[in-house]
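Containing mmCIF, C-alpha atoms and all ligand atoms: data18.cif.
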```
data_entry
#
loop_
_atom_site.label_atom_id
_atom_site.label_comp_id
_atom_site.auth_asym_id
_atom_site.auth_seq_id
_atom_site.Cartn_x
_atom_site.Cartn_y
_atom_site.Cartn_z
CA MET M 1 1.94 22.25 -6.74
CA ARG M 2 -0.33 19.45 -7.92
CA LEU M 3 -2.17 19.32 -4.57
CA LYS M 4 -2.56 23.04 -3.94
CA ASP M 5 -4.72 23.71 -0.83
CA LYS M 6 -5.85 20.10 -0.51
CA VAL M 7 -6.12 18.88 3.09
CA ALA M 8 -4.13 15.72 3.71
CA ILE M 9 -3.65 13.42 6.69
CA VAL M 10 -0.53 11.24 6.88
CA THR M 11 -0.47 8.68 9.71
CA GLY M 12 2.95 7.79 11.08
CA GLY M 13 4.15 11.02 9.47
CA SER M 14 6.93 11.81 11.91
CA ARG M 15 9.59 9.50 10.45
CA GLY M 16 10.55 7.09 7.68
CA ILE M 17 8.28 6.69 4.67
CA GLY M 18 5.46 8.70 6.29
CA ARG M 19 7.82 11.63 6.89
CA ALA M 20 8.91 11.65 3.24
CA ILE M 21 5.25 11.47 2.12
CA ALA M 22 4.21 14.34 4.43
CA LEU M 23 7.06 16.55 3.20
CA ARG M 24 6.27 15.75 -0.44
CA LEU M 25 2.54 16.44 -0.04
CA GLY M 26 3.46 19.74 1.63
CA ALA M 27 5.80 20.59 -1.26
CA GLU M 28 2.93 19.85 -3.68
CA GLY M 29 0.87 22.52 -1.90
CA ALA M 30 -1.26 20.37 0.41
CA ARG M 31 -2.09 21.38 3.97
CA VAL M 32 -0.76 18.43 5.96
CA ALA M 33 -1.77 16.90 9.29
CA VAL M 34 1.26 14.95 10.48
CA VAL M 35 -0.22 12.23 12.69
CA HIS M 36 2.14 10.77 15.24
CA GLN M 37 1.98 8.40 18.18
CA ARG M 38 2.00 9.76 21.72
CA GLY M 39 5.66 9.86 22.79
CA THR M 40 6.86 10.85 19.31
CA SER M 41 6.58 14.26 17.68
CA GLY M 42 5.29 15.37 14.31
CA GLU M 43 6.40 18.94 15.00
CA GLU M 44 9.74 18.66 13.18
CA VAL M 45 8.02 17.59 9.95
CA ALA M 46 5.16 20.08 10.36
CA GLY M 47 7.74 22.82 10.99
CA LEU M 48 9.68 21.94 7.83
CA ILE M 49 6.48 22.17 5.77
CA ARG M 50 5.65 25.58 7.28
CA GLN M 51 9.23 26.79 6.67
CA GLY M 52 8.75 25.88 3.02
CA GLY M 53 5.72 28.19 2.89
CA GLY M 54 3.09 25.49 3.42
CA ALA M 55 0.54 24.75 6.13
CA ALA M 56 0.90 21.86 8.55
CA ILE M 57 -0.12 20.72 12.02
CA ALA M 58 1.05 17.82 14.17
CA VAL M 59 -1.68 15.70 15.78
CA HIS M 60 -1.05 12.80 18.12
CA CYS M 61 -3.17 9.66 17.79
CA ASP M 62 -2.83 5.93 18.32
CA VAL M 63 -4.44 4.63 15.14
CA ALA M 64 -5.51 1.40 16.85
CA HIS M 65 -7.97 3.27 19.08
CA GLY M 66 -11.25 4.42 17.57
CA LEU M 67 -11.84 7.31 19.98
CA GLN M 68 -8.37 8.72 19.33
CA VAL M 69 -8.85 8.35 15.58
CA GLN M 70 -12.17 10.22 15.73
CA ALA M 71 -10.59 12.98 17.85
CA MET M 72 -7.73 13.28 15.33
CA VAL M 73 -10.16 13.56 12.39
CA ASP M 74 -12.28 16.10 14.31
CA ARG M 75 -9.13 18.15 15.00
CA VAL M 76 -8.22 18.28 11.30
CA VAL M 77 -11.77 19.27 10.32
CA ALA M 78 -11.78 21.94 13.06
CA GLU M 79 -8.50 23.32 11.64
CA TRP M 80 -9.23 23.28 7.91
CA GLY M 81 -12.93 22.41 7.52
CA THR M 82 -12.51 19.36 5.35
CA ILE M 83 -10.30 16.39 4.35
CA ASP M 84 -9.31 15.59 0.76
CA ILE M 85 -6.55 13.00 1.17
CA LEU M 86 -5.81 10.28 3.72
CA VAL M 87 -2.52 8.39 3.61
CA ASN M 88 -2.67 5.34 5.88
CA ASN M 89 0.96 4.66 6.64
CA ALA M 90 1.43 3.95 10.39
CA ALA M 91 2.38 0.32 10.98
CA ILE M 92 4.63 -1.93 13.04
CA CYS M 93 6.69 -5.01 12.21
CA PRO M 94 8.21 -6.71 15.27
CA PHE M 95 10.25 -9.36 13.46
CA LYS M 96 9.70 -12.77 15.10
CA PRO M 97 9.77 -16.39 13.87
CA PHE M 98 6.27 -17.83 13.39
CA LEU M 99 6.69 -20.40 16.20
CA ASP M 100 7.58 -17.68 18.71
CA ILE M 101 4.92 -15.04 18.02
CA PRO M 102 2.94 -14.50 21.24
CA GLU M 103 -0.80 -13.95 20.97
CA ALA M 104 -0.47 -10.38 22.27
CA MET M 105 2.05 -9.51 19.55
CA TRP M 106 -0.18 -10.98 16.85
CA GLN M 107 -3.05 -8.88 18.19
CA GLU M 108 -1.03 -5.67 18.37
CA VAL M 109 0.20 -6.00 14.78
CA LEU M 110 -3.30 -6.65 13.47
CA ASP M 111 -4.72 -3.82 15.63
CA VAL M 112 -2.26 -1.17 14.44
CA ASN M 113 -1.73 -2.26 10.84
CA LEU M 114 -5.15 -3.53 9.79
CA LYS M 115 -7.69 -2.12 12.27
CA GLY M 116 -5.81 1.20 12.26
CA TYR M 117 -6.20 1.54 8.46
CA PHE M 118 -9.89 0.58 8.78
CA LEU M 119 -10.61 3.07 11.58
CA CYS M 120 -8.82 5.99 9.90
CA SER M 121 -10.39 5.25 6.51
CA GLN M 122 -13.90 4.94 7.90
CA ALA M 123 -13.70 8.12 10.00
CA VAL M 124 -12.26 10.13 7.09
CA ALA M 125 -14.63 8.63 4.50
CA ARG M 126 -17.62 9.59 6.65
CA VAL M 127 -16.49 13.23 6.51
CA MET M 128 -15.88 13.03 2.75
CA VAL M 129 -19.30 11.46 2.10
CA ALA M 130 -21.13 13.94 4.37
CA GLN M 131 -19.42 16.89 2.64
CA GLY M 132 -19.57 15.49 -0.91
CA VAL M 133 -15.77 15.55 -1.17
CA LYS M 134 -14.42 13.36 -3.98
CA GLY M 135 -11.47 12.36 -1.83
CA ARG M 136 -8.45 10.10 -2.10
CA ILE M 137 -7.68 7.30 0.35
CA ILE M 138 -4.27 5.71 -0.01
CA ALA M 139 -2.77 2.78 1.88
CA VAL M 140 0.92 2.14 2.25
CA SER M 141 0.74 -1.65 2.05
CA SER M 142 3.78 -3.81 1.21
CA ILE M 143 5.10 -6.49 -1.08
CA SER M 144 4.73 -8.51 2.14
CA ALA M 145 1.01 -8.57 1.28
CA GLU M 146 1.87 -10.91 -1.58
CA PHE M 147 4.97 -12.74 -0.30
CA GLY M 148 5.41 -14.50 3.02
CA GLY M 149 8.24 -13.84 5.45
CA SER M 150 9.82 -16.21 7.97
CA GLN M 151 9.65 -13.54 10.69
CA GLN M 152 6.65 -11.59 9.47
CA ALA M 153 3.60 -13.90 9.58
CA HIS M 154 1.60 -11.33 11.58
CA TYR M 155 2.80 -8.43 9.42
CA CYS M 156 2.23 -10.24 6.10
CA ALA M 157 -1.28 -11.24 7.18
CA SER M 158 -2.05 -7.63 8.14
CA LYS M 159 -0.77 -6.29 4.82
CA ALA M 160 -2.71 -8.88 2.80
CA GLY M 161 -5.79 -7.77 4.75
CA ILE M 162 -5.07 -4.15 3.83
CA ASN M 163 -5.06 -5.01 0.12
CA LEU M 164 -8.57 -6.48 0.30
CA LEU M 165 -9.74 -3.70 2.63
CA ILE M 166 -8.68 -1.21 -0.06
CA LYS M 167 -10.50 -3.12 -2.81
CA SER M 168 -13.66 -3.42 -0.69
CA MET M 169 -13.57 0.27 0.19
CA ALA M 170 -13.10 1.07 -3.49
CA ILE M 171 -16.41 -0.68 -4.20
CA SER M 172 -18.27 1.04 -1.34
CA LEU M 173 -16.86 4.53 -1.86
CA GLY M 174 -16.66 4.61 -5.69
CA PRO M 175 -20.28 5.81 -5.99
CA TYR M 176 -19.28 8.88 -3.93
CA GLY M 177 -16.32 9.62 -6.20
CA ILE M 178 -13.81 8.64 -3.51
CA THR M 179 -10.87 6.56 -4.75
CA CYS M 180 -9.03 3.96 -2.66
CA ASN M 181 -5.64 2.69 -3.81
CA ALA M 182 -2.55 1.09 -2.32
CA VAL M 183 1.18 1.44 -2.84
CA LEU M 184 3.17 -1.73 -2.07
CA PRO M 185 6.77 -0.83 -1.23
CA GLY M 186 9.63 -3.29 -1.27
CA THR M 187 12.49 -3.01 1.21
CA VAL M 188 13.13 0.62 2.13
CA GLU M 189 15.68 1.38 4.81
CA THR M 190 13.95 2.95 7.84
CA ASP M 191 13.74 2.45 11.60
CA ILE M 192 11.36 -0.48 11.04
CA ASN M 193 14.09 -2.68 9.54
CA ARG M 194 17.39 -0.95 10.39
CA ASP M 195 18.48 -3.78 12.69
CA GLN M 196 17.81 -6.41 9.98
CA LEU M 197 19.61 -4.40 7.32
CA ALA M 198 22.64 -3.97 9.59
CA ASP M 199 23.44 -7.59 8.67
CA PRO M 200 25.58 -7.36 5.49
CA GLU M 201 24.12 -10.61 4.13
CA VAL M 202 20.53 -9.37 4.44
CA ARG M 203 21.53 -6.07 2.87
CA ALA M 204 23.30 -7.74 -0.03
CA TYR M 205 20.34 -10.08 -0.59
CA TRP M 206 17.83 -7.23 -1.03
CA SER M 207 20.04 -5.07 -3.21
CA GLN M 208 21.17 -7.95 -5.43
CA ARG M 209 17.65 -9.29 -5.89
CA ALA M 210 16.44 -5.88 -7.09
CA PRO M 211 16.94 -5.47 -10.85
CA LEU M 212 17.44 -1.76 -10.11
CA GLY M 213 20.33 -2.77 -7.86
CA ARG M 214 19.59 -1.09 -4.56
CA ILE M 215 17.46 -0.96 -1.44
CA GLY M 216 14.82 1.77 -1.45
CA VAL M 217 14.87 5.16 0.25
CA PRO M 218 11.67 6.75 1.64
CA GLU M 219 11.56 9.28 -1.23
CA ASP M 220 11.12 6.37 -3.70
CA ILE M 221 7.59 5.92 -2.37
CA THR M 222 6.42 9.52 -2.56
CA GLY M 223 5.82 9.88 -6.33
CA PRO M 224 3.36 6.95 -6.48
CA VAL M 225 1.52 8.38 -3.45
CA VAL M 226 1.23 11.80 -5.12
CA PHE M 227 -0.06 10.04 -8.24
CA PHE M 228 -2.87 8.40 -6.25
CA ALA M 229 -3.54 11.65 -4.36
CA SER M 230 -3.85 13.74 -7.55
CA ASP M 231 -6.24 13.96 -10.49
CA ASP M 232 -3.72 12.03 -12.60
CA SER M 233 -5.21 8.86 -11.08
CA ALA M 234 -8.85 9.94 -11.55
CA TRP M 235 -9.91 6.57 -13.04
CA CYS M 236 -7.88 4.38 -10.65
CA THR M 237 -9.57 2.77 -7.70
CA GLY M 238 -8.87 -0.56 -6.01
CA SER M 239 -5.41 -0.47 -7.62
CA LEU M 240 -2.37 -2.04 -5.95
CA LEU M 241 0.90 -0.55 -7.22
CA ILE M 242 4.14 -2.40 -6.44
CA VAL M 243 7.12 -0.04 -5.92
CA ASP M 244 10.07 -2.28 -5.11
CA GLY M 245 12.93 -1.77 -7.57
CA GLY M 246 11.74 -4.92 -9.34
CA VAL M 247 12.39 -7.34 -6.44
CA SER M 248 9.04 -9.10 -6.77
CA ALA M 249 9.50 -9.51 -10.54
CA ASN M 250 12.65 -11.51 -9.84
CA LEU M 251 12.23 -15.13 -8.73
CA GLN M 252 15.96 -15.73 -8.28
P1 LIG F 1 8.79 3.43 10.62
O1 LIG F 1 8.82 2.51 11.78
O2 LIG F 1 9.90 4.40 10.47
O3 LIG F 1 7.44 4.28 10.61
C1 LIG F 1 6.23 3.79 11.13
C2 LIG F 1 5.48 4.95 11.71
O4 LIG F 1 4.23 4.49 12.24
C3 LIG F 1 6.22 5.62 12.89
O5 LIG F 1 6.13 7.01 12.73
C4 LIG F 1 5.45 5.17 14.11
O6 LIG F 1 5.49 6.08 15.18
C5 LIG F 1 4.04 5.07 13.53
N1 LIG F 1 3.17 4.22 14.33
C6 LIG F 1 3.40 2.94 14.73
N2 LIG F 1 2.38 2.50 15.48
C7 LIG F 1 1.47 3.52 15.54
C8 LIG F 1 0.22 3.68 16.17
N3 LIG F 1 -0.33 2.72 16.91
N4 LIG F 1 -0.43 4.87 16.01
C9 LIG F 1 0.12 5.87 15.30
N5 LIG F 1 1.32 5.76 14.68
C10 LIG F 1 1.98 4.62 14.82
O7 LIG F 1 8.66 2.50 9.35
P2 LIG F 1 8.42 2.82 7.80
O8 LIG F 1 9.28 1.88 7.06
O9 LIG F 1 8.53 4.25 7.51
O10 LIG F 1 6.94 2.32 7.61
C11 LIG F 1 5.93 3.11 7.03
C12 LIG F 1 4.97 2.22 6.27
O11 LIG F 1 5.66 1.61 5.18
C13 LIG F 1 4.39 1.06 7.08
O12 LIG F 1 3.04 0.88 6.71
C14 LIG F 1 5.23 -0.12 6.63
O13 LIG F 1 4.55 -1.33 6.80
C15 LIG F 1 5.38 0.23 5.18
N6 LIG F 1 6.44 -0.49 4.49
C16 LIG F 1 7.74 -0.32 4.87
C17 LIG F 1 8.72 -1.01 4.18
C18 LIG F 1 10.16 -0.87 4.52
O14 LIG F 1 10.95 -1.69 4.02
N7 LIG F 1 10.55 0.11 5.32
C19 LIG F 1 8.38 -1.86 3.14
C20 LIG F 1 7.05 -2.01 2.80
C21 LIG F 1 6.09 -1.30 3.48
C1 LIG F 2 8.29 -4.78 4.18
C2 LIG F 2 9.19 -5.80 3.60
C3 LIG F 2 10.55 -5.38 3.93
C4 LIG F 2 10.69 -5.13 5.40
C5 LIG F 2 9.61 -4.25 5.92
C6 LIG F 2 9.60 -4.10 7.42
O1 LIG F 2 6.99 -4.94 3.93
O2 LIG F 2 8.93 -7.07 4.14
O3 LIG F 2 11.50 -6.30 3.49
O4 LIG F 2 11.90 -4.46 5.58
O5 LIG F 2 8.40 -4.71 5.54
#
```
What is this file in structure tokens?
Ligand code: NAD
Ligand code: RM4
Amino acid sequence: MRLKDKVAIVTGGSRGIGRAIALRLGAEGARVAVVHQRGTSGEEVAGLIRQGGGAAIAVHCDVAHGLQVQAMVDRVVAEWGTIDILVNNAAICPFKPFLDIPEAMWQEVLDVNLKGYFLCSQAVARVMVAQGVKGRIIAVSSISAEFGGSQQAHYCASKAGINLLIKSMAISLGPYGITCNAVLPGTVETDINRDQLADPEVRAYWSQRAPLGRIGVPEDITGPVVFFASDDSAWCTGSLLIVDGGVSANLQ
């Protein structure tokens, strides 16, 4: 119960890595707002947290729209009075070769992945600063922030932007005692890449390149997020932590 009674927001919390993070934060005692897109539901995850004795609500919000983000933050403050932890996790990756990426797709990826993290972080940080909360802002970035991809130019650019957004926020928010850190996962099997990983060659490539010998599961990402959400990381800010089974250490 390292996060007992803390108030946490997890964007994209209804499935995949965000779902695992929301459940873990709930198990650590946090009150969790499971933020989900319209058309999806965060109720299943919120219900599981409540069944485990915790507190959770589901809130819908498109993170690319400032008014919706503000309404989501207002809803959480109305429910619990404050916000201690924000986990920016909602993102999209429509795999497409560089030469074929339409302008609208480029824009959507940058709007959700990069502008969404900015909007959520700014709205939450304003509450933290106004209330004097020494909060924790965490970004789920990616090893794609540091390595290019033949079908991920838009996604890689958005994730590289997130890394520098986090460092810049760390500078601006450090004086308020708010920390800003990023976790950079390697390949984790979720809905975002299930079609790619259905190809046995792609699957074998990622597991063989990992010194730890396997593709990740969403739960592999939760410990590092709890670390950045807890007092164990009190003197970390602007940190970028790779969590990829060693893939990026291996040039082969
Ligand atoms: P996922 O597709 O299962 O989850 C993404 C979540 O974001 C979904 O719940 C989706 O509804 C939500 N979302 C998308 N657009 C949104 C919007 N406009 N507003 C609100 N919510 C929105 O994929 P995932 O793998 O769980 O991805 C979670 C995070 O992990 C992402 O930031 C992704 O870039 C990152 N990541 C994933 C991998 C991987 O291999 N799976 C690797 C590195 C980083
Ligand atoms: C990650 C990385 C993975 C891919 C996901 C969608 O950042 O590139 O390999 O599966 O994005």
> Quick one: residues within 10 Å of ligand LIG 2 (chain F), with only C-alpha atoms and all ligand atoms, as a PyMOL selection string?
Replying inline: chain M and resi 91-95+140-152+155-156+159+184-197+202+206+215-216+244
Padding 6 Å on every side, please: axis-aligned box over the listed atoms of region 137-140 of chain M, centre and edge lengths to one decimal in Å, as lines of an AutoDock Vina configuration file.
```
center_x = -3.4
center_y = 4.7
center_z = 1.1
size_x = 20.6
size_y = 17.2
size_z = 14.3
```
> Hey, what's within 7 Å of Val76 (chain M) if we count only C-alpha atoms and toss same-chain stuff fewer than 4 positions away? As a list in words, please?
Replying inline: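 Contacts, in chain order: Ala33, Met72 and Trp80 of chain M.
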Close residues, Val35 (chain M) itself excluded, 6 Å, all atoms listed in the file, min 3 positions apart in chain, as a JSON list (two decimals) with C-alpha atoms, in the frame of the given file:
```json
[["chain", "number", "residue", "atom", "x", "y", "z"],
["M", 10, "VAL", "CA", -0.53, 11.24, 6.88],
["M", 11, "THR", "CA", -0.47, 8.68, 9.71],
["M", 12, "GLY", "CA", 2.95, 7.79, 11.08],
["M", 13, "GLY", "CA", 4.15, 11.02, 9.47],
["M", 58, "ALA", "CA", 1.05, 17.82, 14.17],
["M", 59, "VAL", "CA", -1.68, 15.70, 15.78],
["M", 60, "HIS", "CA", -1.05, 12.80, 18.12]]
```
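When all atoms listed in the file are used to measure the gap to Gly161 (chain M), the shortest distance among M:Gly116, M:Gly174, M:Gly18, M:Gly132 belongs to M:Gly116.
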>> So that I can check the surroundings of Leu86 (chain M), please list as JSON, numbers by chain every protein, DNA and RNA residue that reaches within 10 Å of it, counting only C-alpha atoms and ignoring chain neighbours fewer than 2 positions away.
In response: {"M": [7, 8, 9, 10, 11, 32, 33, 83, 84, 88, 89, 117, 120, 121, 124, 125, 135, 136, 137, 138, 139, 180, 229]}
> Could you state the separation of CA of Ser239 (chain M) and CA of Val183 (chain M) in Å, given to one decimal place?
Replying inline: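 Spanning CA of Ser239 (chain M) to CA of Val183 (chain M) is a straight-line distance of 8.4 Å.
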> Smallest atom-to-atom distance to Gly26 (chain M): which of M:Val226, M:Ala104, M:Val247, M:Ala210, using only C-alpha atoms?
Replying inline: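 Nearest to Gly26 (chain M): M:Val226.
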> CA of Glu103 (chain M) and atom N4 of ligand LIG 1 (chain F), how far apart in Å?
Replying inline: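 So the two atoms, atom N4 of ligand LIG 1 (chain F) and CA of Glu103 (chain M), lie 19.5 Å apart.
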> Nearest to ligand LIG 1 (chain F) among M:Thr179, M:Gln122, M:Thr82, M:Asn163, with distances taken over all atoms listed in the file: which residue is it?
Replying inline: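 So, comparing all the options, the nearest one is M:Asn163.
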> Hey, can you check how far atom O14 of ligand LIG 1 (chain F) sits from CA of Arg15 (chain M)?
Replying inline: 13.0 Å
> Smallest atom-to-atom distance to ligand LIG 1 (chain F): which of M:Met1, M:Ile171, M:Leu212, M:Ile221, using all atoms listed in the file?
Replying inline: M:Ile221
>> Counting all atoms listed in the file, which residues sit no farther than 8 Å from the position (5.7, -20.2, 12.5) in the file's frame? I'd like them as a list in words.
In response: Pro97, Phe98, Leu99, Asp100, Ile101, Ser150, Gln151 and Ala153 of chain M
>> Please determine, counting all atoms listed in the file, which residue among M:Ala20, M:Ala64, M:Asp74, M:Leu173 has the shortest atom-to-atom distance to ligand LIG 1 (chain F).
In response: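 Nearest to ligand LIG 1 (chain F): M:Ala64.
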> Of the candidates M:Asp232, M:Asp5, M:Glu108, M:Asp62, which shows the shortest atom-to-atom distance to ligand LIG 1 (chain F), using all atoms listed in the file?
Replying inline: M:Asp62
